[in-house]
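Asks: target23.pdb is reproduced in full below (PDB, C-alpha atoms).
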ATOM      1  CA  VAL P 120     135.966  87.229  85.039
ATOM      2  CA  GLN P 121     134.818  87.006  88.669
ATOM      3  CA  LEU P 122     135.331  90.765  89.112
ATOM      4  CA  SER P 123     133.348  91.453  85.947
ATOM      5  CA  ASN P 124     130.504  89.236  87.168
ATOM      6  CA  LEU P 125     130.512  91.041  90.536
ATOM      7  CA  VAL P 126     130.316  94.448  88.842
ATOM      8  CA  ASN P 127     127.483  93.237  86.602
ATOM      9  CA  MET P 128     125.605  91.857  89.614
ATOM     10  CA  GLN P 129     126.005  95.163  91.479
ATOM     11  CA  LEU P 130     124.668  97.026  88.443
ATOM     12  CA  VAL P 131     121.660  94.701  88.187
ATOM     13  CA  LEU P 132     120.907  95.117  91.912
ATOM     14  CA  PHE P 133     121.157  98.899  91.599
ATOM     15  CA  LEU P 134     118.790  98.922  88.607
ATOM     16  CA  ILE P 135     116.292  96.727  90.468
ATOM     17  CA  ALA P 136     116.475  98.959  93.547
ATOM     18  CA  SER P 137     116.014 102.083  91.406
ATOM     19  CA  PHE P 138     113.013 100.543  89.622
ATOM     20  CA  LEU P 139     111.361  99.570  92.905
ATOM     21  CA  ALA P 140     112.038 103.008  94.413
ATOM     22  CA  ARG P 141     110.501 104.772  91.412
ATOM     23  CA  ALA P 142     107.505 102.415  91.371
ATOM     24  CA  LEU P 143     106.801 103.169  95.030
ATOM     25  CA  ALA P 144     107.052 106.913  94.375
ATOM     26  CA  SER P 145     104.746 107.000  91.341
ATOM     27  CA  THR P 146     101.549 108.031  93.189
ATOM     28  CA  TYR P 147     101.093 111.435  94.804
ATOM     29  CA  SER P 148     100.278 111.391  98.502
ATOM     30  CA  GLU P 149      99.187 114.603 100.211
ATOM     31  CA  GLU P 150     100.023 112.962 103.522
ATOM     32  CA  ASP P 151     103.619 112.585 102.325
ATOM     33  CA  ALA P 152     103.647 116.189 101.096
ATOM     34  CA  LYS P 153     102.605 117.418 104.544
ATOM     35  CA  TYR P 154     105.346 115.271 106.053
ATOM     36  CA  TYR P 155     108.092 116.549 103.738
ATOM     37  CA  VAL P 156     107.049 120.207 103.934
ATOM     38  CA  ASP P 157     108.015 120.076 107.615
ATOM     39  CA  PHE P 158     111.486 118.899 106.623
ATOM     40  CA  SER P 159     111.700 121.586 103.919
ATOM     41  CA  GLY P 160     110.805 124.165 106.542
ATOM     42  CA  ALA P 161     113.259 122.754 109.048
ATOM     43  CA  ALA P 162     116.093 123.367 106.558
ATOM     44  CA  TYR P 163     115.688 127.096 107.228
ATOM     45  CA  CYS P 164     116.783 126.309 110.782
ATOM     46  CA  ALA P 165     120.144 124.975 109.592
ATOM     47  CA  GLY P 166     123.503 126.588 108.994
ATOM     48  CA  THR P 167     123.697 130.314 108.273
ATOM     49  CA  LEU P 168     119.919 130.814 108.090
ATOM     50  CA  GLY P 169     118.925 129.792 111.604
ATOM     51  CA  HIS P 170     119.292 127.186 114.296
ATOM     52  CA  GLY P 171     117.385 124.229 115.703
ATOM     53  CA  VAL P 172     118.157 121.325 113.387
ATOM     54  CA  GLU P 173     121.436 120.438 115.089
ATOM     55  CA  ASN P 174     119.548 119.560 118.311
ATOM     56  CA  TRP P 175     116.316 118.715 116.472
ATOM     57  CA  ASP P 176     114.363 121.198 118.572
ATOM     58  CA  CYS P 177     113.169 123.682 115.943
ATOM     59  CA  GLN P 178     109.448 124.372 115.511
ATOM     60  CA  ALA P 179     109.126 122.027 112.518
ATOM     61  CA  CYS P 180     111.526 119.494 114.046
ATOM     62  CA  LYS P 181     109.325 119.002 117.086
ATOM     63  CA  LYS P 182     106.535 117.663 114.855
ATOM     64  CA  HIS P 183     108.756 114.634 114.217
ATOM     65  CA  PRO P 184     110.206 113.415 117.505
ATOM     66  CA  GLU P 185     110.886 110.051 115.846
ATOM     67  CA  VAL P 186     113.913 111.609 114.089
ATOM     68  CA  THR P 187     116.900 110.206 115.949
ATOM     69  CA  ASN P 188     119.779 111.659 113.926
ATOM     70  CA  ALA P 189     120.247 114.952 112.082
ATOM     71  CA  THR P 190     123.374 116.423 110.504
ATOM     72  CA  THR P 191     123.471 119.966 109.127
ATOM     73  CA  ILE P 192     125.298 120.758 105.885
ATOM     74  CA  THR P 193     126.499 124.307 105.276
ATOM     75  CA  GLU P 194     128.897 125.123 102.475
ATOM     76  CA  ALA P 195     129.716 128.298 100.589
ATOM     77  CA  SER P 196     131.611 129.450  97.525
ATOM     78  CA  LEU P 197     132.473 133.042  96.677
ATOM     79  CA  THR P 198     128.927 133.687  95.446
ATOM     80  CA  LYS P 199     126.679 130.841  96.639
ATOM     81  CA  THR P 200     125.637 129.355  99.982
ATOM     82  CA  PHE P 201     124.072 125.948 100.580
ATOM     83  CA  ASN P 202     122.157 125.175 103.767
ATOM     84  CA  GLY P 203     120.445 121.882 104.497
ATOM     85  CA  PHE P 204     120.568 118.706 106.500
ATOM     86  CA  VAL P 205     120.304 114.940 106.425
ATOM     87  CA  ALA P 206     118.089 113.234 109.016
ATOM     88  CA  TYR P 207     116.961 109.712 109.878
ATOM     89  CA  ASP P 208     113.333 108.990 110.809
ATOM     90  CA  SER P 209     113.326 105.759 112.799
ATOM     91  CA  SER P 210     109.552 105.272 112.640
ATOM     92  CA  LYS P 211     109.544 105.238 108.820
ATOM     93  CA  ASP P 212     113.107 103.977 108.268
ATOM     94  CA  ARG P 213     113.763 106.986 106.016
ATOM     95  CA  ILE P 214     116.821 109.091 105.355
ATOM     96  CA  VAL P 215     115.759 112.588 104.315
ATOM     97  CA  LEU P 216     117.943 115.154 102.584
ATOM     98  CA  SER P 217     116.376 118.608 102.847
ATOM     99  CA  VAL P 218     117.701 121.793 101.232
ATOM    100  CA  ALA P 219     116.832 125.331 102.307
ATOM    101  CA  GLY P 220     115.839 128.043  99.880
ATOM    102  CA  THR P 221     116.478 131.774  99.881
ATOM    103  CA  ASP P 222     115.985 133.781 103.074
ATOM    104  CA  PRO P 223     112.178 134.252 102.996
ATOM    105  CA  LEU P 224     112.538 137.850 104.184
ATOM    106  CA  LYS P 225     114.700 138.632 101.134
ATOM    107  CA  LEU P 226     112.603 136.737  98.587
ATOM    108  CA  LYS P 227     111.517 139.803  96.595
ATOM    109  CA  ASP P 228     115.142 140.938  96.252
ATOM    110  CA  TRP P 229     116.123 137.430  95.095
ATOM    111  CA  ILE P 230     113.410 137.453  92.419
ATOM    112  CA  ASP P 231     114.361 140.962  91.290
ATOM    113  CA  ASP P 232     118.057 140.017  91.042
ATOM    114  CA  LEU P 233     117.591 136.613  89.419
ATOM    115  CA  ASP P 234     119.569 136.197  86.208
ATOM    116  CA  PHE P 235     118.882 133.725  83.414
ATOM    117  CA  ILE P 236     122.444 132.621  82.641
ATOM    118  CA  LYS P 237     122.708 129.051  81.348
ATOM    119  CA  SER P 238     125.631 126.664  81.411
ATOM    120  CA  ALA P 239     126.155 123.132  80.125
ATOM    121  CA  TYR P 240     125.119 120.342  82.500
ATOM    122  CA  PRO P 241     127.935 117.768  82.282
ATOM    123  CA  TYR P 242     125.785 114.829  83.386
ATOM    124  CA  CYS P 243     123.686 115.144  80.220
ATOM    125  CA  ASP P 244     126.828 114.537  78.169
ATOM    126  CA  GLU P 245     128.064 111.755  80.433
ATOM    127  CA  TYR P 246     124.853 109.893  81.250
ATOM    128  CA  GLY P 247     122.117 111.286  78.988
ATOM    129  CA  ASP P 248     121.088 111.097  75.359
ATOM    130  CA  GLU P 249     121.863 114.689  74.353
ATOM    131  CA  PRO P 250     123.554 117.836  75.683
ATOM    132  CA  CYS P 251     121.529 120.145  77.894
ATOM    133  CA  ASP P 252     121.790 123.489  79.655
ATOM    134  CA  VAL P 253     120.840 124.434  83.212
ATOM    135  CA  HIS P 254     120.647 127.605  85.255
ATOM    136  CA  GLU P 255     124.245 128.334  86.154
ATOM    137  CA  GLY P 256     123.523 129.792  89.603
ATOM    138  CA  PHE P 257     121.117 127.057  90.696
ATOM    139  CA  LEU P 258     123.625 124.361  89.797
ATOM    140  CA  ALA P 259     126.446 126.268  91.503
ATOM    141  CA  THR P 260     124.449 126.343  94.741
ATOM    142  CA  TYR P 261     124.412 122.551  94.845
ATOM    143  CA  GLU P 262     127.936 122.140  93.483
ATOM    144  CA  CYS P 263     129.482 123.998  96.418
ATOM    145  CA  ALA P 264     128.072 121.363  98.805
ATOM    146  CA  LYS P 265     128.184 118.305  96.563
ATOM    147  CA  ASP P 266     130.989 116.494  98.377
ATOM    148  CA  SER P 267     129.421 117.056 101.802
ATOM    149  CA  VAL P 268     126.005 115.885 100.603
ATOM    150  CA  ARG P 269     127.464 112.715  99.103
ATOM    151  CA  SER P 270     129.540 111.814 102.153
ATOM    152  CA  THR P 271     126.764 112.583 104.648
ATOM    153  CA  VAL P 272     124.102 110.578 102.788
ATOM    154  CA  LYS P 273     126.485 107.643 102.371
ATOM    155  CA  ALA P 274     127.379 107.750 106.077
ATOM    156  CA  TYR P 275     123.681 107.571 106.972
ATOM    157  CA  MET P 276     123.153 104.705 104.541
ATOM    158  CA  ALA P 277     126.005 102.812 106.170
ATOM    159  CA  GLU P 278     124.502 103.385 109.624
ATOM    160  CA  PHE P 279     120.924 102.613 108.523
ATOM    161  CA  PRO P 280     121.317 100.093 105.688
ATOM    162  CA  THR P 281     117.607  99.256 105.322
ATOM    163  CA  ALA P 282     116.489 102.886 105.066
ATOM    164  CA  THR P 283     115.156 104.476 101.868
ATOM    165  CA  VAL P 284     116.490 107.866 100.773
ATOM    166  CA  HIS P 285     114.184 110.834 100.104
ATOM    167  CA  VAL P 286     114.881 114.383  98.927
ATOM    168  CA  THR P 287     112.929 117.593  99.469
ATOM    169  CA  GLY P 288     113.290 121.358  99.373
ATOM    170  CA  HIS P 289     111.481 124.684  99.005
ATOM    171  CA  SER P 290     112.119 127.525  96.527
ATOM    172  CA  LEU P 291     115.815 127.635  95.531
ATOM    173  CA  GLY P 292     116.193 124.591  97.786
ATOM    174  CA  ALA P 293     113.687 122.768  95.591
ATOM    175  CA  ILE P 294     115.778 122.949  92.436
ATOM    176  CA  ALA P 295     118.986 122.374  94.430
ATOM    177  CA  SER P 296     117.388 119.201  95.791
ATOM    178  CA  VAL P 297     116.687 118.050  92.214
ATOM    179  CA  PHE P 298     120.361 118.536  91.345
ATOM    180  CA  ALA P 299     121.223 116.610  94.520
ATOM    181  CA  ALA P 300     118.942 113.695  93.615
ATOM    182  CA  MET P 301     120.381 113.543  90.099
ATOM    183  CA  ASP P 302     123.938 113.582  91.431
ATOM    184  CA  LEU P 303     123.330 110.904  94.062
ATOM    185  CA  ILE P 304     121.682 108.586  91.531
ATOM    186  CA  LEU P 305     124.062 109.096  88.619
ATOM    187  CA  THR P 306     127.438 109.312  90.362
ATOM    188  CA  GLN P 307     126.902 107.456  93.644
ATOM    189  CA  ASN P 308     124.429 104.739  92.540
ATOM    190  CA  ILE P 309     122.105 105.708  95.395
ATOM    191  CA  PRO P 310     118.422 104.926  94.695
ATOM    192  CA  ILE P 311     116.176 107.875  95.563
ATOM    193  CA  ALA P 312     112.752 106.730  96.746
ATOM    194  CA  SER P 313     111.008 110.096  96.345
ATOM    195  CA  VAL P 314     111.564 113.729  95.425
ATOM    196  CA  ILE P 315     108.894 116.164  96.628
ATOM    197  CA  THR P 316     109.464 119.887  96.221
ATOM    198  CA  PHE P 317     107.596 123.107  96.975
ATOM    199  CA  GLY P 318     107.624 126.250  94.817
ATOM    200  CA  GLN P 319     110.390 125.038  92.522
ATOM    201  CA  PRO P 320     111.814 127.343  89.824
ATOM    202  CA  ARG P 321     112.667 126.024  86.371
ATOM    203  CA  GLY P 322     116.144 124.510  86.395
ATOM    204  CA  GLY P 323     117.109 124.072  82.766
ATOM    205  CA  ASP P 324     116.083 123.676  79.147
ATOM    206  CA  GLU P 325     113.819 121.087  77.530
ATOM    207  CA  SER P 326     116.643 118.560  77.205
ATOM    208  CA  PHE P 327     117.441 118.890  80.903
ATOM    209  CA  ALA P 328     113.774 118.475  81.833
ATOM    210  CA  LYS P 329     113.589 115.271  79.790
ATOM    211  CA  PHE P 330     116.769 113.981  81.438
ATOM    212  CA  VAL P 331     115.309 114.670  84.890
ATOM    213  CA  MET P 332     112.157 112.746  83.962
ATOM    214  CA  GLN P 333     114.258 109.798  82.783
ATOM    215  CA  THR P 334     116.202 109.752  86.039
ATOM    216  CA  ILE P 335     113.847 110.620  88.913
ATOM    217  CA  ASP P 336     110.156 110.644  89.734
ATOM    218  CA  GLU P 337     109.322 114.015  91.199
ATOM    219  CA  PHE P 338     106.210 115.689  92.518
ATOM    220  CA  ARG P 339     106.639 119.449  92.509
ATOM    221  CA  LEU P 340     103.909 121.305  94.312
ATOM    222  CA  VAL P 341     102.802 124.729  93.080
ATOM    223  CA  HIS P 342     100.502 126.838  95.240
ATOM    224  CA  TYR P 343      98.062 128.867  93.138
ATOM    225  CA  GLN P 344      99.760 132.115  92.004
ATOM    226  CA  ASP P 345     103.228 131.414  93.372
ATOM    227  CA  PRO P 346     105.542 133.413  91.055
ATOM    228  CA  VAL P 347     108.728 131.365  91.573
ATOM    229  CA  PRO P 348     107.726 128.340  89.421
ATOM    230  CA  HIS P 349     107.418 130.782  86.499
ATOM    231  CA  LEU P 350     111.108 131.670  86.755
ATOM    232  CA  PRO P 351     113.181 131.640  84.656
ATOM    233  CA  PRO P 352     110.625 132.099  81.844
ATOM    234  CA  ASN P 353     109.466 129.277  79.623
ATOM    235  CA  THR P 354     110.110 131.330  76.486
ATOM    236  CA  LEU P 355     112.382 134.268  75.704
ATOM    237  CA  LEU P 356     112.025 136.423  72.583
ATOM    238  CA  GLY P 357     109.566 133.877  71.206
ATOM    239  CA  LYS P 358     111.933 130.936  71.567
ATOM    240  CA  PRO P 359     111.888 128.011  74.063
ATOM    241  CA  PHE P 360     114.002 128.850  77.079
ATOM    242  CA  PHE P 361     113.537 126.984  80.386
ATOM    243  CA  GLN P 362     111.238 124.008  80.952
ATOM    244  CA  HIS P 363     109.776 122.195  83.945
ATOM    245  CA  PRO P 364     109.804 118.406  84.244
ATOM    246  CA  THR P 365     106.733 116.487  85.356
ATOM    247  CA  THR P 366     104.849 116.077  87.678
ATOM    248  CA  GLU P 367     103.214 119.299  88.799
ATOM    249  CA  VAL P 368     100.708 119.096  91.646
ATOM    250  CA  PHE P 369      98.744 122.335  91.409
ATOM    251  CA  TYR P 370      96.938 123.690  94.465
ATOM    252  CA  GLU P 371      94.310 125.817  92.768
ATOM    253  CA  GLU P 372      93.009 127.917  95.668
ATOM    254  CA  ARG P 373      94.452 130.663  97.843
ATOM    255  CA  ASP P 374      94.063 128.256 100.753
ATOM    256  CA  SER P 375      97.238 126.168 100.628
ATOM    257  CA  THR P 376      95.322 123.140 101.929
ATOM    258  CA  GLY P 377      92.549 123.510  99.362
ATOM    259  CA  LYS P 378      91.679 121.617  96.208
ATOM    260  CA  TYR P 379      94.504 120.336  94.018
ATOM    261  CA  LYS P 380      94.947 118.562  90.693
ATOM    262  CA  ILE P 381      97.637 116.348  89.189
ATOM    263  CA  CYS P 382      98.707 118.158  86.029
ATOM    264  CA  GLU P 383      99.266 116.690  82.580
ATOM    265  CA  GLY P 384     102.643 116.980  80.890
ATOM    266  CA  GLN P 385     105.393 119.407  81.751
ATOM    267  CA  GLU P 386     103.724 122.803  81.324
ATOM    268  CA  ASP P 387      99.995 122.177  81.712
ATOM    269  CA  PRO P 388      98.061 125.325  80.645
ATOM    270  CA  THR P 389      95.244 124.419  83.041
ATOM    271  CA  CYS P 390      97.597 124.471  86.050
ATOM    272  CA  SER P 391      99.993 127.216  87.151
ATOM    273  CA  ASP P 392     100.700 128.152  83.528
ATOM    274  CA  GLN P 393      97.147 129.489  83.228
ATOM    275  CA  PHE P 394      98.399 132.639  84.961
ATOM    276  CA  LEU P 395     100.516 134.839  82.712
ATOM    277  CA  VAL P 396     101.850 136.900  85.602
ATOM    278  CA  ASP P 397     101.985 135.657  89.178
ATOM    279  CA  ILE P 398     102.956 138.168  91.849
ATOM    280  CA  ASN P 399     101.597 136.577  95.017
ATOM    281  CA  LEU P 400     104.647 136.019  97.208
ATOM    282  CA  LEU P 401     102.419 134.824 100.049
ATOM    283  CA  ASN P 402     101.453 131.816  97.932
ATOM    284  CA  HIS P 403     105.151 130.958  97.667
ATOM    285  CA  LEU P 404     105.489 131.068 101.437
ATOM    286  CA  HIS P 405     102.500 128.835 102.258
ATOM    287  CA  TYR P 406     102.331 125.190 101.204
ATOM    288  CA  VAL P 407      99.946 122.452 102.387
ATOM    289  CA  GLY P 408      99.269 124.331 105.627
ATOM    290  CA  PHE P 409     102.898 125.205 106.364
ATOM    291  CA  ASP P 410     103.810 128.872 106.913
ATOM    292  CA  PHE P 411     107.432 129.384 105.860
ATOM    293  CA  ILE P 412     107.552 132.944 107.258
ATOM    294  CA  SER P 413     106.544 132.142 110.846
ATOM    295  CA  ASN P 414     108.717 129.032 110.664
ATOM    296  CA  TYR P 415     111.739 131.069 109.580
ATOM    297  CA  LEU P 416     111.226 133.731 112.228
ATOM    298  CA  ALA P 417     111.136 130.979 114.870
ATOM    299  CA  CYS P 418     114.428 129.643 113.451
ATOM    300  CA  LYS P 419     116.043 133.017 114.142
ATOM    301  CA  LEU P 420     115.039 133.186 117.818
TER     302      LEU P 420
END
Could you quickly redo this structure as structure tokens?
Replies:
Amino acid sequence: VQLSNLVNMQLVLFLIASFLARALASTYSEEDAKYYVDFSGAAYCAGTLGHGVENWDCQACKKHPEVTNATTITEASLTKTFNGFVAYDSSKDRIVLSVAGTDPLKLKDWIDDLDFIKSAYPYCDEYGDEPCDVHEGFLATYECAKDSVRSTVKAYMAEFPTATVHVTGHSLGAIASVFAAMDLILTQNIPIASVITFGQPRGGDESFAKFVMQTIDEFRLVHYQDPVPHLPPNTLLGKPFFQHPTTEVFYEERDSTGKYKICEGQEDPTCSDQFLVDINLLNHLHYVGFDFISNYLACKL
């Protein structure tokens, strides 16, 4: 009986912590977006993509000297590679998990080669209300690093027990970071205080999008005519295919620091969906004043 009461109390505490974390994350802050875009950019300086995170001396890293700890995570399967890091910001008492996207210099090739293969997402069956499908390759990118992400985040939580946990990423790293947040919440009982992504592709079908919205509060930024958020397509042969979750923050000018709007619903036709075809790769590589190309080139030096 005592063990059962302890388990019930732990569950109640987790639910309270999750509710508070989601309540705090429910309002978009451009200041936070500019903070997290630096961490998203820094991920390109980790692992096989570049260097600088391990000593926290990369171009983006230097904007945040208050980061006292950073641990890179690089894992690979036969077909997928995951690069990212976990860091602790002492001034904000935050643990940040950041995931890198595709090599920015090979972005066009990645878009050209992108397939639309779906596979079942097991967490929908285990924790959700209905089965769902996700992009097989996007999920596989996170899956190859899942154990390392879990153990690293938990190690940081043990070292910094009062810290809140935040997740961010750009491009492929954006959707991988969503899979990471879902995994940490559902399997590790780790409350995620915020998820802010940049140029995120669609990760799964309508059922998956609904499951994401039930589990995390996310702000996904889309810069004007960035083509990546339109992939994979919303419909295929006239039938629903992939779907975004809320909440889109649409920057509606070529200037990545220009005017923005908080979009309604999952696929707001007045936001990025107003453009039938987006081919501006430069929009994908510039978010809230951050230049992912120059950042990446500096990571390679």
Asks: With only C-alpha atoms as the atoms that count, which of P:His349, P:Lys181, P:His170, P:Lys237 lies nearest to P:Asp392?
Replies: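 Answer, going by the shortest atom-to-atom distance: P:His349.
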Asks: Here is a test: counting all atoms listed in the file, which residue of P:Cys180, P:Leu400, P:Cys390, P:Ala282 is nearest to P:Pro223?
Replies: P:Leu400
Asks: Counting only C-alpha atoms, which residue out of P:Ser209, P:Asn308, P:Thr354, P:Thr193 sits closest to P:Glu278?
Replies: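 Looking at the shortest contact to P:Glu278, the residue is P:Ser209.
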Asks: So which residues touch P:Ile335 within 8 Å, counting all atoms listed in the file, skipping near sequence neighbours fewer than 4 positions away, as a ChimeraX atom specification?
Replies: /P:141,300-301,311,313-314,331
Asks: What does the structure give for the distance between atom CA of P:Ser145 and atom CA of P:Phe158, in Å to one decimal?
Replies: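 Rounded to one decimal, the two atoms are 20.5 Å apart.
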Asks: Listed atoms of stretch 315-319 of chain P, axis-aligned box, 5 Å per side: centre and edge lengths to one decimal in Å, as JSON?
Replies:
{"center_x": 109.0, "center_y": 121.2, "center_z": 94.7, "size_x": 12.8, "size_y": 20.1, "size_z": 14.5}
Asks: For the atom pair atom CA of P:Lys380 and atom CA of P:Phe327, what is the interatomic distance in Å to one decimal place?
Replies: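 We find that atom CA of P:Lys380 and atom CA of P:Phe327 lie 24.5 Å from each other.
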Asks: Atom CA of P:Tyr154 to atom CA of P:Tyr207: how many Å, to one decimal?
Replies: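 Atom CA of P:Tyr207 lies 13.4 Å from atom CA of P:Tyr154.
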Asks: Given the block above, output stretch 327-348 of chain P with N, CA, C and O atoms as a PDB file, in the first residue's frame.
Replies:
ATOM      1  N   PHE P 327      -0.955  12.111 -35.430  1.00  0.00           N
ATOM      2  CA  PHE P 327       0.299  12.438 -34.755  1.00  0.00           C
ATOM      3  C   PHE P 327       0.304  13.904 -34.329  1.00  0.00           C
ATOM      4  O   PHE P 327       0.707  14.236 -33.200  1.00  0.00           O
ATOM      5  N   ALA P 328      -0.127  14.790 -35.207  1.00  0.00           N
ATOM      6  CA  ALA P 328      -0.166  16.213 -34.874  1.00  0.00           C
ATOM      7  C   ALA P 328      -1.036  16.462 -33.644  1.00  0.00           C
ATOM      8  O   ALA P 328      -0.671  17.235 -32.748  1.00  0.00           O
ATOM      9  N   LYS P 329      -2.177  15.811 -33.574  1.00  0.00           N
ATOM     10  CA  LYS P 329      -3.055  15.964 -32.411  1.00  0.00           C
ATOM     11  C   LYS P 329      -2.374  15.442 -31.144  1.00  0.00           C
ATOM     12  O   LYS P 329      -2.486  16.050 -30.075  1.00  0.00           O
ATOM     13  N   PHE P 330      -1.670  14.333 -31.264  1.00  0.00           N
ATOM     14  CA  PHE P 330      -0.972  13.752 -30.118  1.00  0.00           C
ATOM     15  C   PHE P 330       0.127  14.687 -29.627  1.00  0.00           C
ATOM     16  O   PHE P 330       0.319  14.861 -28.418  1.00  0.00           O
ATOM     17  N   VAL P 331       0.845  15.311 -30.557  1.00  0.00           N
ATOM     18  CA  VAL P 331       1.869  16.292 -30.180  1.00  0.00           C
ATOM     19  C   VAL P 331       1.232  17.436 -29.407  1.00  0.00           C
ATOM     20  O   VAL P 331       1.733  17.856 -28.361  1.00  0.00           O
ATOM     21  N   MET P 332       0.096  17.934 -29.901  1.00  0.00           N
ATOM     22  CA  MET P 332      -0.566  19.066 -29.246  1.00  0.00           C
ATOM     23  C   MET P 332      -1.082  18.703 -27.860  1.00  0.00           C
ATOM     24  O   MET P 332      -1.157  19.562 -26.980  1.00  0.00           O
ATOM     25  N   GLN P 333      -1.435  17.437 -27.662  1.00  0.00           N
ATOM     26  CA  GLN P 333      -1.875  16.989 -26.335  1.00  0.00           C
ATOM     27  C   GLN P 333      -0.713  16.866 -25.357  1.00  0.00           C
ATOM     28  O   GLN P 333      -0.917  16.919 -24.144  1.00  0.00           O
ATOM     29  N   THR P 334       0.499  16.719 -25.891  1.00  0.00           N
ATOM     30  CA  THR P 334       1.644  16.382 -25.057  1.00  0.00           C
ATOM     31  C   THR P 334       2.570  17.555 -24.784  1.00  0.00           C
ATOM     32  O   THR P 334       3.084  17.700 -23.669  1.00  0.00           O
ATOM     33  N   ILE P 335       2.805  18.390 -25.783  1.00  0.00           N
ATOM     34  CA  ILE P 335       3.738  19.522 -25.619  1.00  0.00           C
ATOM     35  C   ILE P 335       3.101  20.807 -26.118  1.00  0.00           C
ATOM     36  O   ILE P 335       2.167  20.785 -26.919  1.00  0.00           O
ATOM     37  N   ASP P 336       3.625  21.915 -25.638  1.00  0.00           N
ATOM     38  CA  ASP P 336       3.305  23.235 -26.186  1.00  0.00           C
ATOM     39  C   ASP P 336       4.516  23.672 -26.992  1.00  0.00           C
ATOM     40  O   ASP P 336       5.614  23.817 -26.449  1.00  0.00           O
ATOM     41  N   GLU P 337       4.296  23.867 -28.278  1.00  0.00           N
ATOM     42  CA  GLU P 337       5.404  24.200 -29.163  1.00  0.00           C
ATOM     43  C   GLU P 337       5.124  25.487 -29.919  1.00  0.00           C
ATOM     44  O   GLU P 337       3.991  25.738 -30.344  1.00  0.00           O
ATOM     45  N   PHE P 338       6.155  26.293 -30.090  1.00  0.00           N
ATOM     46  CA  PHE P 338       6.117  27.393 -31.041  1.00  0.00           C
ATOM     47  C   PHE P 338       7.095  27.047 -32.158  1.00  0.00           C
ATOM     48  O   PHE P 338       8.293  26.879 -31.913  1.00  0.00           O
ATOM     49  N   ARG P 339       6.563  26.908 -33.360  1.00  0.00           N
ATOM     50  CA  ARG P 339       7.421  26.612 -34.507  1.00  0.00           C
ATOM     51  C   ARG P 339       7.438  27.829 -35.422  1.00  0.00           C
ATOM     52  O   ARG P 339       6.420  28.240 -35.974  1.00  0.00           O
ATOM     53  N   LEU P 340       8.594  28.412 -35.550  1.00  0.00           N
ATOM     54  CA  LEU P 340       8.746  29.610 -36.355  1.00  0.00           C
ATOM     55  C   LEU P 340       8.905  29.238 -37.821  1.00  0.00           C
ATOM     56  O   LEU P 340       9.606  28.276 -38.156  1.00  0.00           O
ATOM     57  N   VAL P 341       8.231  29.992 -38.687  1.00  0.00           N
ATOM     58  CA  VAL P 341       8.361  29.838 -40.132  1.00  0.00           C
ATOM     59  C   VAL P 341       8.695  31.200 -40.707  1.00  0.00           C
ATOM     60  O   VAL P 341       7.963  32.170 -40.491  1.00  0.00           O
ATOM     61  N   HIS P 342       9.793  31.279 -41.446  1.00  0.00           N
ATOM     62  CA  HIS P 342      10.222  32.541 -42.039  1.00  0.00           C
ATOM     63  C   HIS P 342       9.730  32.633 -43.477  1.00  0.00           C
ATOM     64  O   HIS P 342      10.244  31.969 -44.375  1.00  0.00           O
ATOM     65  N   TYR P 343       8.724  33.423 -43.690  1.00  0.00           N
ATOM     66  CA  TYR P 343       8.197  33.828 -44.995  1.00  0.00           C
ATOM     67  C   TYR P 343       8.059  32.642 -45.958  1.00  0.00           C
ATOM     68  O   TYR P 343       7.212  31.782 -45.747  1.00  0.00           O
ATOM     69  N   GLN P 344       8.892  32.552 -46.986  1.00  0.00           N
ATOM     70  CA  GLN P 344       8.739  31.515 -48.006  1.00  0.00           C
ATOM     71  C   GLN P 344       9.736  30.367 -47.832  1.00  0.00           C
ATOM     72  O   GLN P 344      10.195  29.767 -48.802  1.00  0.00           O
ATOM     73  N   ASP P 345      10.029  30.040 -46.592  1.00  0.00           N
ATOM     74  CA  ASP P 345      10.848  28.874 -46.284  1.00  0.00           C
ATOM     75  C   ASP P 345      10.140  27.629 -46.840  1.00  0.00           C
ATOM     76  O   ASP P 345       9.002  27.344 -46.475  1.00  0.00           O
ATOM     77  N   PRO P 346      10.810  26.852 -47.704  1.00  0.00           N
ATOM     78  CA  PRO P 346      10.136  25.685 -48.295  1.00  0.00           C
ATOM     79  C   PRO P 346      10.029  24.473 -47.364  1.00  0.00           C
ATOM     80  O   PRO P 346       9.143  23.631 -47.560  1.00  0.00           O
ATOM     81  N   VAL P 347      10.905  24.357 -46.377  1.00  0.00           N
ATOM     82  CA  VAL P 347      10.974  23.132 -45.575  1.00  0.00           C
ATOM     83  C   VAL P 347       9.689  22.864 -44.784  1.00  0.00           C
ATOM     84  O   VAL P 347       9.252  21.706 -44.701  1.00  0.00           O
ATOM     85  N   PRO P 348       9.039  23.874 -44.195  1.00  0.00           N
ATOM     86  CA  PRO P 348       7.783  23.581 -43.476  1.00  0.00           C
ATOM     87  C   PRO P 348       6.666  23.038 -44.366  1.00  0.00           C
ATOM     88  O   PRO P 348       5.648  22.556 -43.855  1.00  0.00           O
TER      89      PRO P 348
END
